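Written out below as structure tokens is the structure these notes cover.
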Amino acid sequence: MNLHRTVCTWRLRTRSLELGRRTVVMGVVNVTPDSFSDGGLFLDPDVAVERGMRLLDEGADLLDLGAESTRPGSRAGGDHPAVSAEEEWSRLRPVLEGIRSARPDAVLSVDTYKAATARAALASGAEIINDVSGLMWDAEMAGICAGARCGVVLMHTRNRPEDWKKQAQLPPDDVLELVRAGLAASLEKATGTGIESDAVVLDPGYGFGKKFDENYALLARQDALLSLGRPLLAGLSRKSFLGRTLAAFSGGQSAPVAARETASVAAMVAAILQGASLVRVHEVRPALEAVRIADAVLEADR
């Protein structure tokens, strides 16, 4: 196999994480009423804090807190319209502050593309901003992250959620080149604005503007993105393309979210073997067990 991940130090706002020697697990806490995976389950701040604490107890290395869904139809007057920065922060603040109070050493990431939300989150102790737009949707975001000297996850998203259903299918090689070019542009914007390269992790953005089979083409070639020189984060947990692949087990219909856990673990392992240093997951314990196996394979191949 002869696959070797980028081994480096990821510099965050007040600390750092070593990446590449073992897979780092990021647990997801969605503080939203409409997330495709668990919308509404953790909208209550106390419940969300409890969820975060459980993921940390199970072994998550860090948490990613999000308060706006980016599912298809979530913007432009769809069934799940975009929320304001004020509303987003009102959902995030009690959860971020609650976890920080209970676990001051916890590494917290905030999933937002809004500079105003990022500014407030960083002032309240967030270490990382996870921007699904790769700094492309809010002109102030890059400057906020540069000024705070925080960790940054730059995700590739093809167009906007309201456009995804209308996009044409791409050939496999075109998917990879589209993602590579998009991530390169985001990385160039980041470093050109003053964000140090060692603060950046790149995310191919599975499911974010990629049609069903395009995700598999990207996953099969993901290691090519290591040529950009930064570690990779893969978020495959519960994605809809996995549910579609499992339709044969669900009466011909896409498997519901609750029935995608095994597929999520399988896709996660594939991503690790294709060079991912971090994985973003909803269920930490099964992910950790699978991570141990994938890391053992990579270690045996050194």
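Here's how to read the names in the structure tokens: chain A, B, ... by the order shown, residue numbers from 1 in each chain, ligand numbers from 1 in the order shown.
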
Please tabulate, as a Markdown table, the residues of segment 240-296 of chain A that come within 8 Å of segment 8-31 of chain A, each with its closest pair of atoms and the distance in Å to one decimal, counting only C-alpha atoms and ordering rows by chain, then residue number upward.
| residue | atom | partner | partner_atom | distance |
| --- | --- | --- | --- | --- |
| A:Ile272 | CA | A:Thr23 | CA | 7.5 |
| A:Ala276 | CA | A:Thr23 | CA | 7.6 |
| A:Ser277 | CA | A:Thr23 | CA | 5.0 |
| A:Leu278 | CA | A:Val24 | CA | 4.6 |
| A:Val279 | CA | A:Val25 | CA | 5.2 |
| A:Arg280 | CA | A:Met26 | CA | 4.7 |
| A:Val281 | CA | A:Gly27 | CA | 5.2 |
| A:His282 | CA | A:Val28 | CA | 5.2 |
| A:Glu283 | CA | A:Gly27 | CA | 7.2 |
| A:Val284 | CA | A:Gly27 | CA | 6.3 |
| A:Ala287 | CA | A:Val25 | CA | 7.9 |
| A:Leu288 | CA | A:Val25 | CA | 7.4 |
| A:Val291 | CA | A:Thr23 | CA | 6.5 |
| A:Asp295 | CA | A:Arg22 | CA | 6.1 |

Just write the chosen residues, C-alpha atoms, as a PDB file, in the first residue's frame.
ATOM      1  CA  ILE A 272      -7.765   6.858   6.772  1.00  0.00           C
ATOM      2  CA  ALA A 276      -6.762  11.271   6.334  1.00  0.00           C
ATOM      3  CA  SER A 277      -5.154  12.320   9.624  1.00  0.00           C
ATOM      4  CA  LEU A 278      -8.433  13.370  11.261  1.00  0.00           C
ATOM      5  CA  VAL A 279     -11.969  12.002  11.036  1.00  0.00           C
ATOM      6  CA  ARG A 280     -15.230  13.731  11.953  1.00  0.00           C
ATOM      7  CA  VAL A 281     -17.766  11.315  13.445  1.00  0.00           C
ATOM      8  CA  HIS A 282     -21.107  11.233  15.242  1.00  0.00           C
ATOM      9  CA  GLU A 283     -20.437   8.044  17.225  1.00  0.00           C
ATOM     10  CA  VAL A 284     -17.016   8.011  18.845  1.00  0.00           C
ATOM     11  CA  ALA A 287     -14.973   4.970  15.297  1.00  0.00           C
ATOM     12  CA  LEU A 288     -12.128   4.623  17.802  1.00  0.00           C
ATOM     13  CA  VAL A 291      -9.297   3.733  13.886  1.00  0.00           C
ATOM     14  CA  ASP A 295      -3.717   2.870  12.168  1.00  0.00           C
TER      15      ASP A 295
END

(Q) Set the distance at 9 Å and use only C-alpha atoms: which residues neighbour Thr157 of chain A once local chain neighbours fewer than 3 positions away are removed? I'd like the list as JSON, numbers by chain. (A) {"A": [132, 133, 134, 160, 161, 179, 182, 204, 205, 206, 207, 208, 209, 210]}

Would you export the selected residues with N, CA and C atoms as an mmCIF file, in the first residue's frame, please?
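And here is the file that came out, part-v7.cif:
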data_model
loop_
_atom_site.group_PDB
_atom_site.id
_atom_site.type_symbol
_atom_site.label_atom_id
_atom_site.label_comp_id
_atom_site.auth_asym_id
_atom_site.auth_seq_id
_atom_site.Cartn_x
_atom_site.Cartn_y
_atom_site.Cartn_z
ATOM 1 N N VAL A 132 -17.018 25.472 6.208
ATOM 2 C CA VAL A 132 -17.417 24.613 5.099
ATOM 3 C C VAL A 132 -17.225 25.280 3.748
ATOM 4 N N SER A 133 -17.107 26.594 3.735
ATOM 5 C CA SER A 133 -16.940 27.306 2.467
ATOM 6 C C SER A 133 -15.479 27.497 2.089
ATOM 7 N N GLY A 134 -14.560 27.085 2.948
ATOM 8 C CA GLY A 134 -13.150 27.298 2.658
ATOM 9 C C GLY A 134 -12.786 28.763 2.536
ATOM 10 N N ARG A 160 -23.334 26.325 -3.778
ATOM 11 C CA ARG A 160 -24.130 26.503 -2.565
ATOM 12 C C ARG A 160 -25.141 25.359 -2.425
ATOM 13 N N PRO A 161 -25.584 25.076 -1.211
ATOM 14 C CA PRO A 161 -26.526 23.966 -1.024
ATOM 15 C C PRO A 161 -27.750 24.019 -1.926
ATOM 16 N N VAL A 179 -11.807 19.407 -6.689
ATOM 17 C CA VAL A 179 -11.557 19.531 -5.260
ATOM 18 C C VAL A 179 -10.144 20.033 -5.001
ATOM 19 N N GLY A 182 -9.993 23.711 -5.790
ATOM 20 C CA GLY A 182 -10.731 24.500 -4.813
ATOM 21 C C GLY A 182 -10.001 24.618 -3.489
ATOM 22 N N PRO A 204 -11.857 17.450 2.086
ATOM 23 C CA PRO A 204 -12.404 17.315 0.728
ATOM 24 C C PRO A 204 -13.885 17.637 0.623
ATOM 25 N N GLY A 205 -14.621 17.614 1.731
ATOM 26 C CA GLY A 205 -16.026 17.989 1.704
ATOM 27 C C GLY A 205 -16.944 16.943 1.107
ATOM 28 N N TYR A 206 -16.840 15.731 1.599
ATOM 29 C CA TYR A 206 -17.717 14.667 1.099
ATOM 30 C C TYR A 206 -19.182 15.062 1.292
ATOM 31 N N GLY A 207 -19.960 14.894 0.211
ATOM 32 C CA GLY A 207 -21.375 15.221 0.272
ATOM 33 C C GLY A 207 -21.687 16.685 0.059
ATOM 34 N N PHE A 208 -20.704 17.547 0.104
ATOM 35 C CA PHE A 208 -20.936 18.979 -0.048
ATOM 36 C C PHE A 208 -20.805 19.379 -1.519
ATOM 37 N N GLY A 209 -21.892 19.200 -2.239
ATOM 38 C CA GLY A 209 -21.900 19.532 -3.654
ATOM 39 C C GLY A 209 -21.352 18.441 -4.547
ATOM 40 N N LYS A 210 -21.116 17.244 -3.972
ATOM 41 C CA LYS A 210 -20.694 16.103 -4.782
ATOM 42 C C LYS A 210 -21.878 15.150 -4.926
#

* **Atom-to-atom span, atom CA of Ser186 of chain A and atom CA of Asp138 of chain A, Å** =>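 The value is 12.4 Å.
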
| Which parts of segment 30-212 of chain A does DSSP call alpha helix (DSSP H) when run on the backbone here, written out as an NGL selection string? | :A and (45-58 or 85-102 or 115-123 or 141-148 or 172-193 or 212)

In Å and to one decimal, atom CA of Glu214 of chain A is distant from atom CA of Val175 of chain A by 6.5 Å

If you count only C-alpha atoms, which residues fall within 8 Å of Arg230 of chain A, apart from same-chain ones fewer than 2 positions away, as a tab-separated table (two decimals) with C-alpha atoms, in the first residue's frame?
chain	number	residue	atom	x	y	z
A	6	THR	CA	1.49	14.08	6.56
A	197	SER	CA	0.09	27.22	6.88
A	198	ASP	CA	0.69	25.12	10.00
A	200	VAL	CA	-4.55	24.77	8.31
A	201	VAL	CA	-6.15	21.37	7.76
A	202	LEU	CA	-7.95	20.56	4.50
A	226	LEU	CA	-1.74	15.30	0.16
A	227	SER	CA	0.25	16.98	-2.60
A	228	LEU	CA	-1.17	20.27	-1.27
A	232	LEU	CA	-6.55	15.97	5.60

| message | as a list in words, please: every residue in segment 43-122 of chain A that a backbone DSSP assignment puts in strand (DSSP E). | response | Leu62, Leu63, Asp64, Leu65, Gly66, Leu108, Ser109, Val110 and Asp111 of chain A

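Once segment 239-250 of chain A and its same-chain neighbours fewer than 4 positions away are set aside, Phe212, Ser254 and Ala255 of chain A remain within 6 Å of it when counting only C-alpha atoms.
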
Proximity check segment 155-215 of chain A to segment 140-150 of chain A, 10 Å, nearest pairs one decimal Å, only C-alpha atoms, as CSV:
residue,atom,partner,partner_atom,distance
A:Ser186,CA,A:Ala142,CA,9.7
A:Lys189,CA,A:Ala142,CA,7.7
A:Ala190,CA,A:Ala142,CA,6.1
A:Thr191,CA,A:Ala146,CA,8.7
A:Gly192,CA,A:Ala142,CA,9.2
A:Thr193,CA,A:Ala142,CA,6.3
A:Gly194,CA,A:Ala146,CA,5.3
A:Ile195,CA,A:Ala146,CA,4.5
A:Glu196,CA,A:Ala146,CA,7.7
A:Ala199,CA,A:Cys150,CA,6.8
A:Val200,CA,A:Cys150,CA,9.1

Resulting file, chosen residues, N, CA and C atoms, as a PDB file, in the first residue's frame:
ATOM      1  N   SER A 186      -8.403  27.956  -1.612  1.00  0.00           N
ATOM      2  CA  SER A 186      -8.691  28.311  -0.215  1.00  0.00           C
ATOM      3  C   SER A 186      -7.407  28.443   0.588  1.00  0.00           C
ATOM      4  N   LYS A 189      -5.711  31.665  -0.329  1.00  0.00           N
ATOM      5  CA  LYS A 189      -6.391  32.802   0.298  1.00  0.00           C
ATOM      6  C   LYS A 189      -6.033  32.886   1.776  1.00  0.00           C
ATOM      7  N   ALA A 190      -5.992  31.741   2.438  1.00  0.00           N
ATOM      8  CA  ALA A 190      -5.662  31.717   3.866  1.00  0.00           C
ATOM      9  C   ALA A 190      -4.266  32.279   4.112  1.00  0.00           C
ATOM     10  N   THR A 191      -3.289  31.730   3.443  1.00  0.00           N
ATOM     11  CA  THR A 191      -1.912  32.153   3.693  1.00  0.00           C
ATOM     12  C   THR A 191      -1.683  33.584   3.217  1.00  0.00           C
ATOM     13  N   GLY A 192      -2.392  33.992   2.163  1.00  0.00           N
ATOM     14  CA  GLY A 192      -2.262  35.357   1.679  1.00  0.00           C
ATOM     15  C   GLY A 192      -2.865  36.385   2.617  1.00  0.00           C
ATOM     16  N   THR A 193      -3.747  35.927   3.510  1.00  0.00           N
ATOM     17  CA  THR A 193      -4.380  36.828   4.466  1.00  0.00           C
ATOM     18  C   THR A 193      -3.655  36.820   5.805  1.00  0.00           C
ATOM     19  N   GLY A 194      -2.658  35.970   5.947  1.00  0.00           N
ATOM     20  CA  GLY A 194      -1.900  35.946   7.191  1.00  0.00           C
ATOM     21  C   GLY A 194      -2.112  34.732   8.058  1.00  0.00           C
ATOM     22  N   ILE A 195      -2.920  33.775   7.609  1.00  0.00           N
ATOM     23  CA  ILE A 195      -3.084  32.526   8.344  1.00  0.00           C
ATOM     24  C   ILE A 195      -1.858  31.658   8.058  1.00  0.00           C
ATOM     25  N   GLU A 196      -1.167  31.246   9.090  1.00  0.00           N
ATOM     26  CA  GLU A 196       0.022  30.421   8.903  1.00  0.00           C
ATOM     27  C   GLU A 196      -0.381  29.048   8.372  1.00  0.00           C
ATOM     28  N   ALA A 199      -1.424  26.188  10.619  1.00  0.00           N
ATOM     29  CA  ALA A 199      -2.712  26.274  11.304  1.00  0.00           C
ATOM     30  C   ALA A 199      -3.834  25.637  10.482  1.00  0.00           C
ATOM     31  N   VAL A 200      -3.524  25.192   9.263  1.00  0.00           N
ATOM     32  CA  VAL A 200      -4.552  24.774   8.309  1.00  0.00           C
ATOM     33  C   VAL A 200      -4.613  23.261   8.132  1.00  0.00           C
TER      34      VAL A 200
END

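Between Asp105 of chain A and the candidates A:Ala126, A:Leu178, A:Val49, A:Ala120, the tightest atom-to-atom separation, counting only C-alpha atoms, involves A:Ala126.
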
Problem set entry | Atomic distance atom CA of Gly275 of chain A - atom CA of Glu289 of chain A, expressed in Å with one decimal |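 Computed distance, atom CA of Gly275 of chain A to atom CA of Glu289 of chain A, equals 18.0 Å.
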
Could you name the residues that touch Trp89 of chain A at 12 Å or less, counting only C-alpha atoms, but leaving out those on the same chain fewer than 4 positions away, as a PDB file with N, CA and C atoms, in the first residue's frame?
ATOM      1  N   VAL A  31     -26.077  21.561  17.213  1.00  0.00           N
ATOM      2  CA  VAL A  31     -27.045  22.318  18.003  1.00  0.00           C
ATOM      3  C   VAL A  31     -28.026  22.948  17.023  1.00  0.00           C
ATOM      4  N   THR A  32     -28.731  22.105  16.289  1.00  0.00           N
ATOM      5  CA  THR A  32     -29.613  22.559  15.211  1.00  0.00           C
ATOM      6  C   THR A  32     -30.941  21.824  15.275  1.00  0.00           C
ATOM      7  N   LEU A  65     -18.571  21.856  17.142  1.00  0.00           N
ATOM      8  CA  LEU A  65     -19.904  22.348  17.482  1.00  0.00           C
ATOM      9  C   LEU A  65     -20.473  23.125  16.307  1.00  0.00           C
ATOM     10  N   GLY A  66     -21.669  22.748  15.867  1.00  0.00           N
ATOM     11  CA  GLY A  66     -22.302  23.435  14.749  1.00  0.00           C
ATOM     12  C   GLY A  66     -23.721  23.829  15.071  1.00  0.00           C
ATOM     13  N   ALA A  67     -24.180  24.986  14.538  1.00  0.00           N
ATOM     14  CA  ALA A  67     -25.521  25.477  14.866  1.00  0.00           C
ATOM     15  C   ALA A  67     -26.312  25.905  13.637  1.00  0.00           C
ATOM     16  N   GLU A  68     -25.858  25.505  12.442  1.00  0.00           N
ATOM     17  CA  GLU A  68     -26.645  25.736  11.240  1.00  0.00           C
ATOM     18  C   GLU A  68     -26.469  24.569  10.295  1.00  0.00           C
ATOM     19  N   VAL A  83     -29.689  30.661   8.893  1.00  0.00           N
ATOM     20  CA  VAL A  83     -29.928  31.396  10.131  1.00  0.00           C
ATOM     21  C   VAL A  83     -28.947  32.565  10.203  1.00  0.00           C
ATOM     22  N   SER A  84     -29.327  33.587  10.943  1.00  0.00           N
ATOM     23  CA  SER A  84     -28.456  34.746  11.106  1.00  0.00           C
ATOM     24  C   SER A  84     -27.292  34.391  12.017  1.00  0.00           C
ATOM     25  N   ALA A  85     -26.247  35.217  11.977  1.00  0.00           N
ATOM     26  CA  ALA A  85     -25.121  35.016  12.885  1.00  0.00           C
ATOM     27  C   ALA A  85     -25.578  35.139  14.332  1.00  0.00           C
ATOM     28  N   ARG A  93     -23.467  29.560  21.977  1.00  0.00           N
ATOM     29  CA  ARG A  93     -22.827  30.126  23.164  1.00  0.00           C
ATOM     30  C   ARG A  93     -23.008  29.290  24.427  1.00  0.00           C
ATOM     31  N   PRO A  94     -24.237  28.914  24.804  1.00  0.00           N
ATOM     32  CA  PRO A  94     -24.358  28.153  26.055  1.00  0.00           C
ATOM     33  C   PRO A  94     -23.695  26.780  25.999  1.00  0.00           C
ATOM     34  N   VAL A  95     -23.620  26.209  24.797  1.00  0.00           N
ATOM     35  CA  VAL A  95     -22.989  24.892  24.656  1.00  0.00           C
ATOM     36  C   VAL A  95     -21.476  25.022  24.747  1.00  0.00           C
ATOM     37  N   LEU A  96     -20.928  25.968  24.019  1.00  0.00           N
ATOM     38  CA  LEU A  96     -19.486  26.204  24.057  1.00  0.00           C
ATOM     39  C   LEU A  96     -19.036  26.562  25.468  1.00  0.00           C
ATOM     40  N   GLU A  97     -19.755  27.481  26.107  1.00  0.00           N
ATOM     41  CA  GLU A  97     -19.364  27.902  27.443  1.00  0.00           C
ATOM     42  C   GLU A  97     -19.600  26.799  28.467  1.00  0.00           C
ATOM     43  N   VAL A 110     -15.524  25.177  16.105  1.00  0.00           N
ATOM     44  CA  VAL A 110     -16.857  25.681  15.777  1.00  0.00           C
ATOM     45  C   VAL A 110     -17.038  25.649  14.264  1.00  0.00           C
ATOM     46  N   ASP A 111     -18.105  25.008  13.846  1.00  0.00           N
ATOM     47  CA  ASP A 111     -18.439  24.811  12.439  1.00  0.00           C
ATOM     48  C   ASP A 111     -19.286  25.995  11.983  1.00  0.00           C
ATOM     49  N   THR A 112     -18.663  26.952  11.316  1.00  0.00           N
ATOM     50  CA  THR A 112     -19.382  28.131  10.840  1.00  0.00           C
ATOM     51  C   THR A 112     -18.663  28.731   9.644  1.00  0.00           C
ATOM     52  N   LYS A 114     -19.544  32.029   9.024  1.00  0.00           N
ATOM     53  CA  LYS A 114     -19.837  33.430   9.306  1.00  0.00           C
ATOM     54  C   LYS A 114     -18.747  34.026  10.197  1.00  0.00           C
ATOM     55  N   ALA A 115     -18.170  35.129   9.760  1.00  0.00           N
ATOM     56  CA  ALA A 115     -17.093  35.769  10.511  1.00  0.00           C
ATOM     57  C   ALA A 115     -17.562  36.243  11.885  1.00  0.00           C
ATOM     58  N   ALA A 116     -18.775  36.770  11.978  1.00  0.00           N
ATOM     59  CA  ALA A 116     -19.272  37.269  13.256  1.00  0.00           C
ATOM     60  C   ALA A 116     -19.377  36.143  14.274  1.00  0.00           C
ATOM     61  N   THR A 117     -19.854  34.993  13.837  1.00  0.00           N
ATOM     62  CA  THR A 117     -19.942  33.835  14.733  1.00  0.00           C
ATOM     63  C   THR A 117     -18.554  33.366  15.125  1.00  0.00           C
ATOM     64  N   ALA A 118     -17.651  33.329  14.159  1.00  0.00           N
ATOM     65  CA  ALA A 118     -16.278  32.901  14.443  1.00  0.00           C
ATOM     66  C   ALA A 118     -15.625  33.820  15.466  1.00  0.00           C
ATOM     67  N   ARG A 119     -15.801  35.116  15.300  1.00  0.00           N
ATOM     68  CA  ARG A 119     -15.200  36.079  16.230  1.00  0.00           C
ATOM     69  C   ARG A 119     -15.696  35.825  17.660  1.00  0.00           C
ATOM     70  N   ALA A 120     -16.997  35.654  17.818  1.00  0.00           N
ATOM     71  CA  ALA A 120     -17.565  35.427  19.143  1.00  0.00           C
ATOM     72  C   ALA A 120     -17.098  34.097  19.730  1.00  0.00           C
ATOM     73  N   ALA A 121     -17.048  33.074  18.909  1.00  0.00           N
ATOM     74  CA  ALA A 121     -16.638  31.754  19.380  1.00  0.00           C
ATOM     75  C   ALA A 121     -15.186  31.745  19.828  1.00  0.00           C
ATOM     76  N   LEU A 122     -14.330  32.387  19.069  1.00  0.00           N
ATOM     77  CA  LEU A 122     -12.908  32.442  19.428  1.00  0.00           C
ATOM     78  C   LEU A 122     -12.712  33.231  20.718  1.00  0.00           C
ATOM     79  N   ALA A 123     -13.477  34.295  20.894  1.00  0.00           N
ATOM     80  CA  ALA A 123     -13.383  35.074  22.126  1.00  0.00           C
ATOM     81  C   ALA A 123     -13.867  34.281  23.333  1.00  0.00           C
ATOM     82  N   SER A 124     -14.700  33.269  23.084  1.00  0.00           N
ATOM     83  CA  SER A 124     -15.238  32.442  24.169  1.00  0.00           C
ATOM     84  C   SER A 124     -14.471  31.144  24.352  1.00  0.00           C
TER      85      SER A 124
END
